[in-house]
$ cat entry.cif   # mmCIF, C-alpha atoms and all ligand atoms
data_my_file
loop_
_atom_site.group_PDB
_atom_site.id
_atom_site.type_symbol
_atom_site.label_atom_id
_atom_site.label_comp_id
_atom_site.auth_asym_id
_atom_site.auth_seq_id
_atom_site.Cartn_x
_atom_site.Cartn_y
_atom_site.Cartn_z
ATOM 1 C CA MET A 548 142.354 87.448 82.541
ATOM 2 C CA CYS A 549 139.389 89.601 82.524
ATOM 3 C CA ARG A 550 137.343 90.736 85.481
ATOM 4 C CA HIS A 551 133.620 90.177 85.438
ATOM 5 C CA LEU A 552 130.564 90.782 87.622
ATOM 6 C CA ALA A 553 126.892 89.822 87.728
ATOM 7 C CA TYR A 554 124.189 91.377 89.910
ATOM 8 C CA VAL A 555 120.536 90.619 90.559
ATOM 9 C CA GLY A 556 118.560 92.613 93.085
ATOM 10 C CA PRO A 557 116.769 95.909 93.515
ATOM 11 C CA ALA A 558 117.105 98.213 90.518
ATOM 12 C CA THR A 559 120.132 100.446 90.769
ATOM 13 C CA THR A 560 122.292 102.522 88.438
ATOM 14 C CA LEU A 561 125.218 101.100 86.507
ATOM 15 C CA LYS A 562 127.234 103.823 88.168
ATOM 16 C CA SER A 563 126.600 102.460 91.655
ATOM 17 C CA LEU A 564 127.234 98.894 90.506
ATOM 18 C CA LEU A 565 130.275 99.316 88.296
ATOM 19 C CA VAL A 566 131.928 102.663 88.987
ATOM 20 C CA GLU A 567 131.301 103.858 92.514
ATOM 21 C CA GLY A 568 132.313 102.198 95.728
ATOM 22 C CA PRO A 569 135.650 100.689 96.723
ATOM 23 C CA HIS A 570 137.471 98.664 94.109
ATOM 24 C CA ALA A 571 134.602 98.662 91.612
ATOM 25 C CA LEU A 572 134.874 96.860 88.268
ATOM 26 C CA TYR A 573 135.844 100.212 86.716
ATOM 27 C CA GLU A 574 138.893 100.370 88.985
ATOM 28 C CA GLN A 575 139.631 96.666 88.453
ATOM 29 C CA SER A 576 140.186 97.451 84.778
ATOM 30 C CA TRP A 577 143.472 99.215 85.522
ATOM 31 C CA ARG A 578 144.206 98.022 89.053
ATOM 32 C CA PRO A 579 143.091 94.425 89.516
ATOM 33 C CA LEU A 580 144.311 93.060 92.832
ATOM 34 C CA MET A 581 143.861 89.332 92.292
ATOM 35 C CA GLN A 582 144.561 88.941 88.618
ATOM 36 C CA ARG A 583 146.976 86.091 87.976
ATOM 37 C CA HIS A 584 147.351 86.488 84.211
ATOM 38 C CA GLY A 585 147.790 89.776 82.400
ATOM 39 C CA THR A 586 148.181 93.124 84.120
ATOM 40 C CA VAL A 587 145.387 95.466 83.041
ATOM 41 C CA ASN A 588 142.030 94.954 81.383
ATOM 42 C CA ALA A 589 142.259 97.506 78.610
ATOM 43 C CA ASP A 590 141.142 95.494 75.573
ATOM 44 C CA GLY A 591 137.504 96.441 75.741
ATOM 45 C CA PHE A 592 134.578 96.142 78.078
ATOM 46 C CA GLY A 593 130.880 95.556 78.025
ATOM 47 C CA PHE A 594 127.749 95.393 80.089
ATOM 48 C CA GLY A 595 124.307 93.989 79.607
ATOM 49 C CA TRP A 596 121.227 94.958 81.574
ATOM 50 C CA TYR A 597 117.638 93.839 81.755
ATOM 51 C CA PRO A 598 114.608 96.095 81.407
ATOM 52 C CA PRO A 599 112.392 96.347 84.496
ATOM 53 C CA ALA A 600 109.781 93.830 83.323
ATOM 54 C CA VAL A 601 112.085 90.946 84.138
ATOM 55 C CA ARG A 602 111.771 91.714 87.813
ATOM 56 C CA GLY A 603 108.060 91.100 87.534
ATOM 57 C CA GLY A 604 108.736 87.557 86.444
ATOM 58 C CA SER A 605 108.508 87.788 82.670
ATOM 59 C CA PRO A 606 112.063 87.580 81.372
ATOM 60 C CA GLU A 607 112.732 90.028 78.600
ATOM 61 C CA ALA A 608 115.858 90.195 76.482
ATOM 62 C CA PRO A 609 118.591 92.404 77.926
ATOM 63 C CA ALA A 610 120.300 95.296 76.161
ATOM 64 C CA ARG A 611 124.068 95.424 75.732
ATOM 65 C CA TYR A 612 126.732 98.083 75.351
ATOM 66 C CA ARG A 613 130.199 96.891 74.306
ATOM 67 C CA ARG A 614 133.336 98.676 73.162
ATOM 68 C CA ALA A 615 136.838 97.659 72.100
ATOM 69 C CA VAL A 616 138.445 100.545 74.030
ATOM 70 C CA PRO A 617 139.448 100.612 77.717
ATOM 71 C CA ILE A 618 136.478 101.380 79.935
ATOM 72 C CA TRP A 619 138.153 104.572 81.192
ATOM 73 C CA ALA A 620 138.565 105.838 77.619
ATOM 74 C CA ASP A 621 134.884 105.720 76.673
ATOM 75 C CA ALA A 622 133.370 109.208 76.738
ATOM 76 C CA ASN A 623 129.844 107.736 76.674
ATOM 77 C CA LEU A 624 130.266 105.825 79.888
ATOM 78 C CA PRO A 625 129.602 108.531 82.511
ATOM 79 C CA ASP A 626 126.176 109.443 81.108
ATOM 80 C CA LEU A 627 125.186 105.840 80.466
ATOM 81 C CA ALA A 628 126.283 104.740 83.925
ATOM 82 C CA ARG A 629 124.457 107.628 85.557
ATOM 83 C CA THR A 630 121.144 107.056 83.786
ATOM 84 C CA VAL A 631 120.798 103.326 83.122
ATOM 85 C CA ARG A 632 119.089 101.526 86.005
ATOM 86 C CA SER A 633 118.466 97.828 86.223
ATOM 87 C CA GLY A 634 117.816 94.999 88.642
ATOM 88 C CA ALA A 635 119.986 92.558 86.703
ATOM 89 C CA VAL A 636 123.382 93.309 85.138
ATOM 90 C CA LEU A 637 126.362 91.389 83.786
ATOM 91 C CA ALA A 638 129.552 93.360 83.043
ATOM 92 C CA ALA A 639 133.160 92.598 82.106
ATOM 93 C CA VAL A 640 136.452 94.343 81.400
ATOM 94 C CA ARG A 641 138.723 92.491 78.983
ATOM 95 C CA SER A 642 142.374 91.555 78.704
ATOM 96 C CA ALA A 643 142.422 89.780 75.370
ATOM 97 C CA THR A 644 143.996 86.364 75.011
ATOM 98 C CA GLU A 645 146.588 85.993 72.246
ATOM 99 C CA GLY A 646 145.113 84.872 68.958
ATOM 100 C CA THR A 647 141.646 86.271 69.587
ATOM 101 C CA THR A 648 140.053 89.197 67.821
ATOM 102 C CA GLN A 649 140.501 92.627 69.385
ATOM 103 C CA ASP A 650 137.238 94.077 68.153
ATOM 104 C CA GLU A 651 134.097 94.631 70.170
ATOM 105 C CA SER A 652 132.494 91.399 69.007
ATOM 106 C CA ALA A 653 134.788 89.617 71.479
ATOM 107 C CA ALA A 654 133.933 91.878 74.418
ATOM 108 C CA ALA A 655 131.620 90.204 76.925
ATOM 109 C CA PRO A 656 128.812 89.868 77.626
ATOM 110 C CA PHE A 657 127.790 87.524 74.843
ATOM 111 C CA GLN A 658 124.054 87.331 74.447
ATOM 112 C CA GLU A 659 121.321 85.150 73.083
ATOM 113 C CA GLY A 660 117.682 85.774 73.957
ATOM 114 C CA ARG A 661 117.440 86.398 77.694
ATOM 115 C CA TRP A 662 120.927 84.999 78.428
ATOM 116 C CA LEU A 663 124.123 86.942 79.070
ATOM 117 C CA PHE A 664 127.502 85.184 79.310
ATOM 118 C CA SER A 665 131.123 86.013 80.118
ATOM 119 C CA HIS A 666 134.375 84.030 80.325
ATOM 120 C CA ASN A 667 137.364 84.899 82.484
ATOM 121 C CA GLY A 668 140.250 82.710 81.415
ATOM 122 C CA ALA A 669 141.933 81.229 78.376
ATOM 123 C CA VAL A 670 141.886 78.021 76.371
ATOM 124 C CA ALA A 671 145.134 77.042 74.669
ATOM 125 C CA ASP A 672 144.907 76.212 70.975
ATOM 126 C CA TRP A 673 141.190 76.920 71.163
ATOM 127 C CA GLY A 674 140.754 76.725 67.397
ATOM 128 C CA ARG A 675 141.309 72.995 67.572
ATOM 129 C CA VAL A 676 139.331 72.055 70.651
ATOM 130 C CA PRO A 677 137.120 69.154 69.638
ATOM 131 C CA VAL A 678 133.536 70.351 69.769
ATOM 132 C CA ALA A 679 130.298 68.790 68.664
ATOM 133 C CA LEU A 680 128.499 71.718 67.065
ATOM 134 C CA THR A 681 126.335 71.763 63.955
ATOM 135 C CA SER A 682 127.366 73.871 60.955
ATOM 136 C CA GLU A 683 124.694 76.378 61.921
ATOM 137 C CA GLU A 684 125.993 76.592 65.489
ATOM 138 C CA LEU A 685 129.569 77.039 64.249
ATOM 139 C CA LEU A 686 128.522 79.765 61.819
ATOM 140 C CA GLY A 687 126.693 81.420 64.704
ATOM 141 C CA VAL A 688 129.840 81.751 66.857
ATOM 142 C CA GLN A 689 129.707 85.427 67.797
ATOM 143 C CA ALA A 690 133.416 86.306 67.694
ATOM 144 C CA ARG A 691 136.792 84.854 66.835
ATOM 145 C CA SER A 692 137.784 83.963 70.382
ATOM 146 C CA ASP A 693 137.949 81.119 72.878
ATOM 147 C CA SER A 694 135.196 82.755 74.927
ATOM 148 C CA ALA A 695 132.809 82.885 71.968
ATOM 149 C CA LEU A 696 133.449 79.213 71.293
ATOM 150 C CA LEU A 697 132.692 78.391 74.932
ATOM 151 C CA TRP A 698 129.507 80.428 74.659
ATOM 152 C CA ALA A 699 128.411 78.437 71.604
ATOM 153 C CA MET A 700 128.977 75.232 73.578
ATOM 154 C CA VAL A 701 126.990 76.529 76.563
ATOM 155 C CA LEU A 702 124.232 77.880 74.355
ATOM 156 C CA ARG A 703 123.767 74.552 72.645
ATOM 157 C CA ARG A 704 122.970 73.043 76.035
ATOM 158 C CA LEU A 705 120.697 75.903 77.113
ATOM 159 C CA ARG A 706 118.711 75.521 73.905
ATOM 160 C CA ARG A 707 118.219 71.866 74.746
ATOM 161 C CA GLY A 708 116.680 72.925 78.047
ATOM 162 C CA GLU A 709 119.603 72.330 80.413
ATOM 163 C CA GLN A 710 119.767 74.495 83.525
ATOM 164 C CA GLY A 711 122.404 77.217 83.392
ATOM 165 C CA ALA A 712 124.630 75.834 86.145
ATOM 166 C CA ASP A 713 124.494 72.343 84.640
ATOM 167 C CA ALA A 714 125.372 73.659 81.194
ATOM 168 C CA LEU A 715 128.387 75.579 82.538
ATOM 169 C CA ALA A 716 129.606 72.593 84.544
ATOM 170 C CA ALA A 717 129.311 70.272 81.555
ATOM 171 C CA VAL A 718 131.232 72.612 79.263
ATOM 172 C CA VAL A 719 134.008 73.060 81.836
ATOM 173 C CA GLY A 720 134.222 69.273 82.039
ATOM 174 C CA GLU A 721 134.438 68.874 78.281
ATOM 175 C CA VAL A 722 136.987 71.608 77.693
ATOM 176 C CA ALA A 723 139.173 70.766 80.706
ATOM 177 C CA ALA A 724 139.352 67.173 79.493
ATOM 178 C CA ALA A 725 140.643 68.327 76.106
ATOM 179 C CA ARG A 726 142.782 71.220 77.431
ATOM 180 C CA PRO A 727 143.953 70.502 80.992
ATOM 181 C CA THR A 728 145.613 73.921 81.269
ATOM 182 C CA ALA A 729 142.442 75.814 80.368
ATOM 183 C CA ARG A 730 141.174 78.488 82.753
ATOM 184 C CA LEU A 731 137.430 78.477 82.763
ATOM 185 C CA ASN A 732 135.695 80.951 85.052
ATOM 186 C CA LEU A 733 132.321 81.196 83.326
ATOM 187 C CA LEU A 734 129.474 83.546 84.277
ATOM 188 C CA LEU A 735 125.868 83.348 83.104
ATOM 189 C CA THR A 736 122.609 85.061 83.969
ATOM 190 C CA ASP A 737 119.034 85.063 82.704
ATOM 191 C CA GLY A 738 118.218 88.185 84.691
ATOM 192 C CA VAL A 739 116.819 86.217 87.613
ATOM 193 C CA SER A 740 119.592 83.871 88.723
ATOM 194 C CA VAL A 741 123.376 83.807 88.274
ATOM 195 C CA ALA A 742 125.442 80.712 87.504
ATOM 196 C CA ALA A 743 129.232 80.709 87.586
ATOM 197 C CA THR A 744 132.205 78.374 87.608
ATOM 198 C CA THR A 745 135.628 78.685 89.176
ATOM 199 C CA TRP A 746 138.355 76.890 87.254
ATOM 200 C CA GLY A 747 141.686 78.625 87.550
ATOM 201 C CA ASP A 748 140.858 82.110 88.813
ATOM 202 C CA THR A 749 139.178 83.907 91.692
ATOM 203 C CA LEU A 750 135.465 84.449 92.245
ATOM 204 C CA TRP A 751 133.649 86.136 95.112
ATOM 205 C CA TYR A 752 130.027 86.719 96.024
ATOM 206 C CA ARG A 753 127.905 88.654 98.464
ATOM 207 C CA SER A 754 124.212 88.463 99.156
ATOM 208 C CA GLY A 755 121.610 90.054 101.365
ATOM 209 C CA GLU A 756 118.841 92.613 101.258
ATOM 210 C CA GLY A 757 117.329 90.913 98.217
ATOM 211 C CA SER A 758 120.472 91.164 96.121
ATOM 212 C CA VAL A 759 123.246 88.870 94.929
ATOM 213 C CA THR A 760 126.544 90.000 93.417
ATOM 214 C CA VAL A 761 129.102 87.600 91.952
ATOM 215 C CA ALA A 762 132.453 89.063 90.888
ATOM 216 C CA SER A 763 136.057 88.159 90.107
ATOM 217 C CA GLU A 764 137.209 90.423 92.933
ATOM 218 C CA PRO A 765 135.361 91.749 95.971
ATOM 219 C CA GLY A 766 134.389 95.404 96.018
ATOM 220 C CA VAL A 767 136.460 96.311 99.014
ATOM 221 C CA SER A 768 139.445 98.580 99.354
ATOM 222 C CA PRO A 769 142.954 97.131 99.080
ATOM 223 C CA ASP A 770 143.564 97.991 102.746
ATOM 224 C CA VAL A 771 140.720 95.747 103.841
ATOM 225 C CA LEU A 772 141.972 92.944 101.634
ATOM 226 C CA ARG A 773 145.445 93.205 103.112
ATOM 227 C CA ALA A 774 144.084 93.025 106.668
ATOM 228 C CA PRO A 775 144.281 89.656 108.467
ATOM 229 C CA ARG A 776 141.469 87.319 107.560
ATOM 230 C CA THR A 777 138.811 86.452 110.089
ATOM 231 C CA GLY A 778 136.893 83.213 109.872
ATOM 232 C CA ALA A 779 134.911 82.327 106.796
ATOM 233 C CA SER A 780 134.198 85.939 106.048
ATOM 234 C CA GLN A 781 137.328 87.016 104.261
ATOM 235 C CA ALA A 782 136.564 90.638 103.620
ATOM 236 C CA ALA A 783 134.660 93.635 104.794
ATOM 237 C CA THR A 784 131.017 93.493 105.664
ATOM 238 C CA GLY A 785 128.494 95.949 104.332
ATOM 239 C CA GLU A 786 124.775 96.375 104.033
ATOM 240 C CA ALA A 787 124.568 93.465 101.569
ATOM 241 C CA GLY A 788 126.576 91.108 103.767
ATOM 242 C CA PRO A 789 130.240 90.100 103.659
ATOM 243 C CA TRP A 790 132.097 89.142 100.517
ATOM 244 C CA ARG A 791 132.923 85.450 100.486
ATOM 245 C CA GLN A 792 135.302 83.625 98.199
ATOM 246 C CA VAL A 793 134.148 80.700 96.073
ATOM 247 C CA PRO A 794 136.683 77.837 96.193
ATOM 248 C CA ASP A 795 138.394 76.888 92.945
ATOM 249 C CA ARG A 796 136.766 74.210 90.773
ATOM 250 C CA CYS A 797 133.197 74.813 91.847
ATOM 251 C CA VAL A 798 129.922 75.743 90.237
ATOM 252 C CA LEU A 799 127.805 78.406 91.908
ATOM 253 C CA LEU A 800 124.097 79.036 91.470
ATOM 254 C CA ALA A 801 122.718 82.193 93.071
ATOM 255 C CA SER A 802 119.376 83.930 93.089
ATOM 256 C CA THR A 803 117.645 86.350 95.399
ATOM 257 C CA ALA A 804 114.886 83.799 95.982
ATOM 258 C CA GLY A 805 116.916 80.603 96.242
ATOM 259 C CA GLY A 806 120.069 81.738 97.998
ATOM 260 C CA ILE A 807 123.516 80.466 97.071
ATOM 261 C CA ARG A 808 124.446 76.911 96.155
ATOM 262 C CA ILE A 809 128.098 76.000 95.621
ATOM 263 C CA THR A 810 129.006 72.524 94.363
ATOM 264 C CA PRO A 811 132.476 71.089 93.705
ATOM 265 C CA LEU A 812 133.157 70.467 90.031
ATOM 266 C CA SER A 813 135.506 67.569 90.657
ATOM 267 C CA ALA A 814 132.694 65.213 89.733
ATOM 268 C CA ALA A 815 132.453 66.843 86.338
ATOM 269 C CA ARG A 816 133.413 64.285 83.755
ATOM 270 C CA PRO A 817 133.860 64.729 80.030
ATOM 271 C CA THR A 818 130.829 63.674 78.071
ATOM 272 C CA GLU A 819 131.006 61.702 74.858
ATOM 273 C CA GLU A 820 130.933 65.026 72.995
ATOM 274 C CA SER A 821 134.308 66.081 74.353
ATOM 275 C CA GLY A 822 136.605 63.885 72.270
ATOM 276 C CA THR A 823 140.330 63.903 72.982
ATOM 277 C CA GLN A 824 143.161 66.307 72.353
HETATM 278 N N1 LIG A 901 140.136 84.552 76.573
HETATM 279 C C1 LIG A 901 139.121 85.567 76.705
HETATM 280 C C2 LIG A 901 139.346 86.714 75.740
HETATM 281 O O1 LIG A 901 140.274 86.760 75.013
HETATM 282 C C3 LIG A 901 139.043 86.071 78.117
HETATM 283 C C4 LIG A 901 140.294 86.770 78.491
HETATM 284 C C5 LIG A 901 140.456 87.045 79.944
HETATM 285 O O2 LIG A 901 139.887 86.426 80.837
HETATM 286 N N2 LIG A 901 141.350 87.930 80.145
HETATM 287 O O3 LIG A 901 138.557 87.604 75.695
#
$ encode --input "entry.cif" --output "structure tokens"
Amino acid sequence: MCRHLAYVGPATTLKSLLVEGPHALYEQSWRPLMQRHGTVNADGFGFGWYPPAVRGGSPEAPARYRRAVPIWADANLPDLARTVRSGAVLAAVRSATEGTTQDESAAAPFQEGRWLFSHNGAVADWGRVPVALTSEELLGVQARSDSALLWAMVLRRLRRGEQGADALAAVVGEVAAARPTARLNLLLTDGVSVAATTWGDTLWYRSGEGSVTVASEPGVSPDVLRAPRTGASQAATGEAGPWRQVPDRCVLLASTAGGIRITPLSAARPTEESGTQ
């Protein structure tokens, strides 16, 4: 399982988002605390960030940086993290699923236009999941991996004008119908809002002060996580509000303007495109 994170809010450095602070994504690469599959996330990493214009309301395509090496082994990272600032970021550290390519093409985030996408999970026998894609869409699959196939399925829906959260929910429904053991924590942003699903692994969020962060694990120290839980707020508070856990099998839609909406996915049904196993 990988660990991933999306942020929208005031512009900040990649260093403060991904490296600094307790239990940041950087640390989660070698010391994940909630990872149920795999031990470390050393099979690559990536981040995508939006240029400032997007905050003014005109979405512009993000830039990406992806590598096939562990995040701690990349000598470019310190300078990039220190100098790149953005108000919208999606980042992931990877633990590759068997049978997928190890090269950087399979490191999230995947991108098309203003969209960035990541998948935390695995789909068994993904090469034979029944999918309804055109030849062009199949040839456009961005890597030889289950995640890239899921991205092609999501992208097809986005291109048809579906909302991000709806597209994610529909693809989870289709794939879970064909592969009941699939783990499908999907994460998507257009630089303004964040959509995510929980289907087999953890997801947390925090919001406040004009920012929203959605992440596989909360950015709090292990000591805080081990402390007894209190009420709905299951982890430490901070200036951006407490971290809260998203229940499994839900779809989340978050933006700084619209708040957080979490909807159970149990209603998700396979569409006629899903076929059978
Ligand atoms: N299956 C995806 C991959 O191989 C994601 C893996 C993960 O969540 N660890 O990249």
$ residues_near_ligand --input "entry.cif" --ligand "ligand LIG 901 (chain A)" --cutoff "7 Å" --atoms "all atoms listed in the file" --output "JSON, numbers by chain"
{"A": [548, 549, 550, 641, 642, 643, 644, 645, 647, 653, 654, 666, 667, 668, 669, 670, 692, 693, 694]}
$ residues_around --input "entry.cif" --residues "Phe592 in chain A" --least-positions-apart "3" --cutoff "10 Å" --atoms "all atoms listed in the file" --output "list in words"
Cys549, Arg550, His551, Tyr573, Ser576, Asn588, Ala589, Tyr612, Arg613, Arg614, Ala615, Val616, Pro617, Ile618, Trp619, Asp621, Ala638, Ala639, Val640, Arg641, Ser642, Glu651, Ala653, Ala654, Ala655 and Pro656 of chain A
$ write_last_selection --input "entry.cif" --atoms "C-alpha atoms" --output "mmCIF file, in the coordinates of the input"
data_model
loop_
_atom_site.group_PDB
_atom_site.id
_atom_site.type_symbol
_atom_site.label_atom_id
_atom_site.label_comp_id
_atom_site.auth_asym_id
_atom_site.auth_seq_id
_atom_site.Cartn_x
_atom_site.Cartn_y
_atom_site.Cartn_z
ATOM 1 C CA CYS A 549 139.389 89.601 82.524
ATOM 2 C CA ARG A 550 137.343 90.736 85.481
ATOM 3 C CA HIS A 551 133.620 90.177 85.438
ATOM 4 C CA TYR A 573 135.844 100.212 86.716
ATOM 5 C CA SER A 576 140.186 97.451 84.778
ATOM 6 C CA ASN A 588 142.030 94.954 81.383
ATOM 7 C CA ALA A 589 142.259 97.506 78.610
ATOM 8 C CA TYR A 612 126.732 98.083 75.351
ATOM 9 C CA ARG A 613 130.199 96.891 74.306
ATOM 10 C CA ARG A 614 133.336 98.676 73.162
ATOM 11 C CA ALA A 615 136.838 97.659 72.100
ATOM 12 C CA VAL A 616 138.445 100.545 74.030
ATOM 13 C CA PRO A 617 139.448 100.612 77.717
ATOM 14 C CA ILE A 618 136.478 101.380 79.935
ATOM 15 C CA TRP A 619 138.153 104.572 81.192
ATOM 16 C CA ASP A 621 134.884 105.720 76.673
ATOM 17 C CA ALA A 638 129.552 93.360 83.043
ATOM 18 C CA ALA A 639 133.160 92.598 82.106
ATOM 19 C CA VAL A 640 136.452 94.343 81.400
ATOM 20 C CA ARG A 641 138.723 92.491 78.983
ATOM 21 C CA SER A 642 142.374 91.555 78.704
ATOM 22 C CA GLU A 651 134.097 94.631 70.170
ATOM 23 C CA ALA A 653 134.788 89.617 71.479
ATOM 24 C CA ALA A 654 133.933 91.878 74.418
ATOM 25 C CA ALA A 655 131.620 90.204 76.925
ATOM 26 C CA PRO A 656 128.812 89.868 77.626
#
$ resolve_selection --input "entry.cif" --expression "the PyMOL selection byres (((chain A and resi 636) around 12) and not hetatm)" --output "compact mmCIF listing (two decimals) with C-alpha atoms, in the coordinates of the input"
# COMPACT_ATOMS: atom_id res chain seq x y z
CA HIS A 551 133.62 90.18 85.44
CA LEU A 552 130.56 90.78 87.62
CA ALA A 553 126.89 89.82 87.73
CA TYR A 554 124.19 91.38 89.91
CA VAL A 555 120.54 90.62 90.56
CA GLY A 556 118.56 92.61 93.08
CA PRO A 557 116.77 95.91 93.52
CA ALA A 558 117.10 98.21 90.52
CA THR A 559 120.13 100.45 90.77
CA THR A 560 122.29 102.52 88.44
CA LEU A 561 125.22 101.10 86.51
CA LYS A 562 127.23 103.82 88.17
CA SER A 563 126.60 102.46 91.66
CA LEU A 564 127.23 98.89 90.51
CA LEU A 565 130.28 99.32 88.30
CA GLY A 593 130.88 95.56 78.03
CA PHE A 594 127.75 95.39 80.09
CA GLY A 595 124.31 93.99 79.61
CA TRP A 596 121.23 94.96 81.57
CA TYR A 597 117.64 93.84 81.76
CA PRO A 598 114.61 96.10 81.41
CA PRO A 599 112.39 96.35 84.50
CA VAL A 601 112.08 90.95 84.14
CA ALA A 608 115.86 90.20 76.48
CA PRO A 609 118.59 92.40 77.93
CA ALA A 610 120.30 95.30 76.16
CA ARG A 611 124.07 95.42 75.73
CA TYR A 612 126.73 98.08 75.35
CA ALA A 628 126.28 104.74 83.92
CA VAL A 631 120.80 103.33 83.12
CA ARG A 632 119.09 101.53 86.00
CA SER A 633 118.47 97.83 86.22
CA GLY A 634 117.82 95.00 88.64
CA ALA A 635 119.99 92.56 86.70
CA LEU A 637 126.36 91.39 83.79
CA ALA A 638 129.55 93.36 83.04
CA ALA A 639 133.16 92.60 82.11
CA PRO A 656 128.81 89.87 77.63
CA ARG A 661 117.44 86.40 77.69
CA TRP A 662 120.93 85.00 78.43
CA LEU A 663 124.12 86.94 79.07
CA PHE A 664 127.50 85.18 79.31
CA SER A 665 131.12 86.01 80.12
CA LEU A 734 129.47 83.55 84.28
CA LEU A 735 125.87 83.35 83.10
CA THR A 736 122.61 85.06 83.97
CA ASP A 737 119.03 85.06 82.70
CA GLY A 738 118.22 88.18 84.69
CA VAL A 739 116.82 86.22 87.61
CA SER A 740 119.59 83.87 88.72
CA VAL A 741 123.38 83.81 88.27
CA SER A 758 120.47 91.16 96.12
CA VAL A 759 123.25 88.87 94.93
CA THR A 760 126.54 90.00 93.42
CA VAL A 761 129.10 87.60 91.95
CA ALA A 762 132.45 89.06 90.89
$ axis_aligned_box --input "entry.cif" --around "range 803-810 of chain A" --padding-each-side "3 Å" --output "lines of an AutoDock Vina configuration file"
center_x = 121.9
center_y = 79.4
center_z = 96.2
size_x = 20.1
size_y = 19.8
size_z = 9.6
$ atom_distance --input "entry.cif" --atom1 "CA of Gly711 in chain A" --atom2 "CA of Ala742 in chain A"
6.2 Å
$ atom_distance --input "entry.cif" --atom1 "CA of Val587 in chain A" --atom2 "CA of Arg629 in chain A"
24.3 Å
$ residues_around --input "entry.cif" --residues "Gly687 in chain A" --least-positions-apart "5" --cutoff "12 Å" --atoms "all atoms listed in the file" --output "ChimeraX atom specification"
/A:657-659,680-682,695-696,698-700,702-703
$ resolve_selection --input "entry.cif" --expression "the PyMOL selection byres (((chain A and resi 791-803) around 7) and not hetatm)" --output "PyMOL selection string"
chain A and resi 556+712+716+739-747+750-753+757-759+780-781+789-790+804-813
$ build_atoms --input "entry.cif" --residues "range 573-584 of chain A" --atoms "N, CA, C and O atoms" --output "PDB file, keeping the file's coordinate frame"
ATOM      1  N   TYR A 573     135.170  99.126  87.439  1.00  0.00           N
ATOM      2  CA  TYR A 573     135.844 100.212  86.716  1.00  0.00           C
ATOM      3  C   TYR A 573     137.306 100.312  87.150  1.00  0.00           C
ATOM      4  O   TYR A 573     138.217 100.360  86.331  1.00  0.00           O
ATOM      5  N   GLU A 574     137.520 100.300  88.462  1.00  0.00           N
ATOM      6  CA  GLU A 574     138.893 100.370  88.985  1.00  0.00           C
ATOM      7  C   GLU A 574     139.665  99.082  88.675  1.00  0.00           C
ATOM      8  O   GLU A 574     140.860  99.108  88.386  1.00  0.00           O
ATOM      9  N   GLN A 575     138.960  97.956  88.730  1.00  0.00           N
ATOM     10  CA  GLN A 575     139.631  96.666  88.453  1.00  0.00           C
ATOM     11  C   GLN A 575     140.178  96.605  87.036  1.00  0.00           C
ATOM     12  O   GLN A 575     141.026  95.780  86.730  1.00  0.00           O
ATOM     13  N   SER A 576     139.675  97.472  86.152  1.00  0.00           N
ATOM     14  CA  SER A 576     140.186  97.451  84.778  1.00  0.00           C
ATOM     15  C   SER A 576     141.654  97.867  84.734  1.00  0.00           C
ATOM     16  O   SER A 576     142.422  97.314  83.963  1.00  0.00           O
ATOM     17  N   TRP A 577     142.047  98.829  85.547  1.00  0.00           N
ATOM     18  CA  TRP A 577     143.472  99.215  85.522  1.00  0.00           C
ATOM     19  C   TRP A 577     144.232  98.803  86.768  1.00  0.00           C
ATOM     20  O   TRP A 577     145.451  98.844  86.798  1.00  0.00           O
ATOM     21  N   ARG A 578     143.499  98.423  87.837  1.00  0.00           N
ATOM     22  CA  ARG A 578     144.206  98.022  89.053  1.00  0.00           C
ATOM     23  C   ARG A 578     143.572  96.762  89.653  1.00  0.00           C
ATOM     24  O   ARG A 578     143.064  96.789  90.774  1.00  0.00           O
ATOM     25  N   PRO A 579     143.594  95.668  88.913  1.00  0.00           N
ATOM     26  CA  PRO A 579     143.091  94.425  89.516  1.00  0.00           C
ATOM     27  C   PRO A 579     144.034  94.012  90.638  1.00  0.00           C
ATOM     28  O   PRO A 579     145.243  94.226  90.555  1.00  0.00           O
ATOM     29  N   LEU A 580     143.481  93.442  91.687  1.00  0.00           N
ATOM     30  CA  LEU A 580     144.311  93.060  92.832  1.00  0.00           C
ATOM     31  C   LEU A 580     144.565  91.557  92.895  1.00  0.00           C
ATOM     32  O   LEU A 580     145.460  91.100  93.586  1.00  0.00           O
ATOM     33  N   MET A 581     143.757  90.792  92.187  1.00  0.00           N
ATOM     34  CA  MET A 581     143.861  89.332  92.292  1.00  0.00           C
ATOM     35  C   MET A 581     144.128  88.677  90.945  1.00  0.00           C
ATOM     36  O   MET A 581     144.061  87.462  90.837  1.00  0.00           O
ATOM     37  N   GLN A 582     144.412  89.480  89.964  1.00  0.00           N
ATOM     38  CA  GLN A 582     144.561  88.941  88.618  1.00  0.00           C
ATOM     39  C   GLN A 582     145.871  88.181  88.483  1.00  0.00           C
ATOM     40  O   GLN A 582     146.930  88.719  88.781  1.00  0.00           O
ATOM     41  N   ARG A 583     145.783  86.940  88.042  1.00  0.00           N
ATOM     42  CA  ARG A 583     146.976  86.091  87.976  1.00  0.00           C
ATOM     43  C   ARG A 583     147.593  86.075  86.584  1.00  0.00           C
ATOM     44  O   ARG A 583     148.711  85.633  86.403  1.00  0.00           O
ATOM     45  N   HIS A 584     146.848  86.501  85.591  1.00  0.00           N
ATOM     46  CA  HIS A 584     147.351  86.488  84.211  1.00  0.00           C
ATOM     47  C   HIS A 584     147.012  87.827  83.578  1.00  0.00           C
ATOM     48  O   HIS A 584     145.881  88.277  83.660  1.00  0.00           O
TER      49      HIS A 584
END
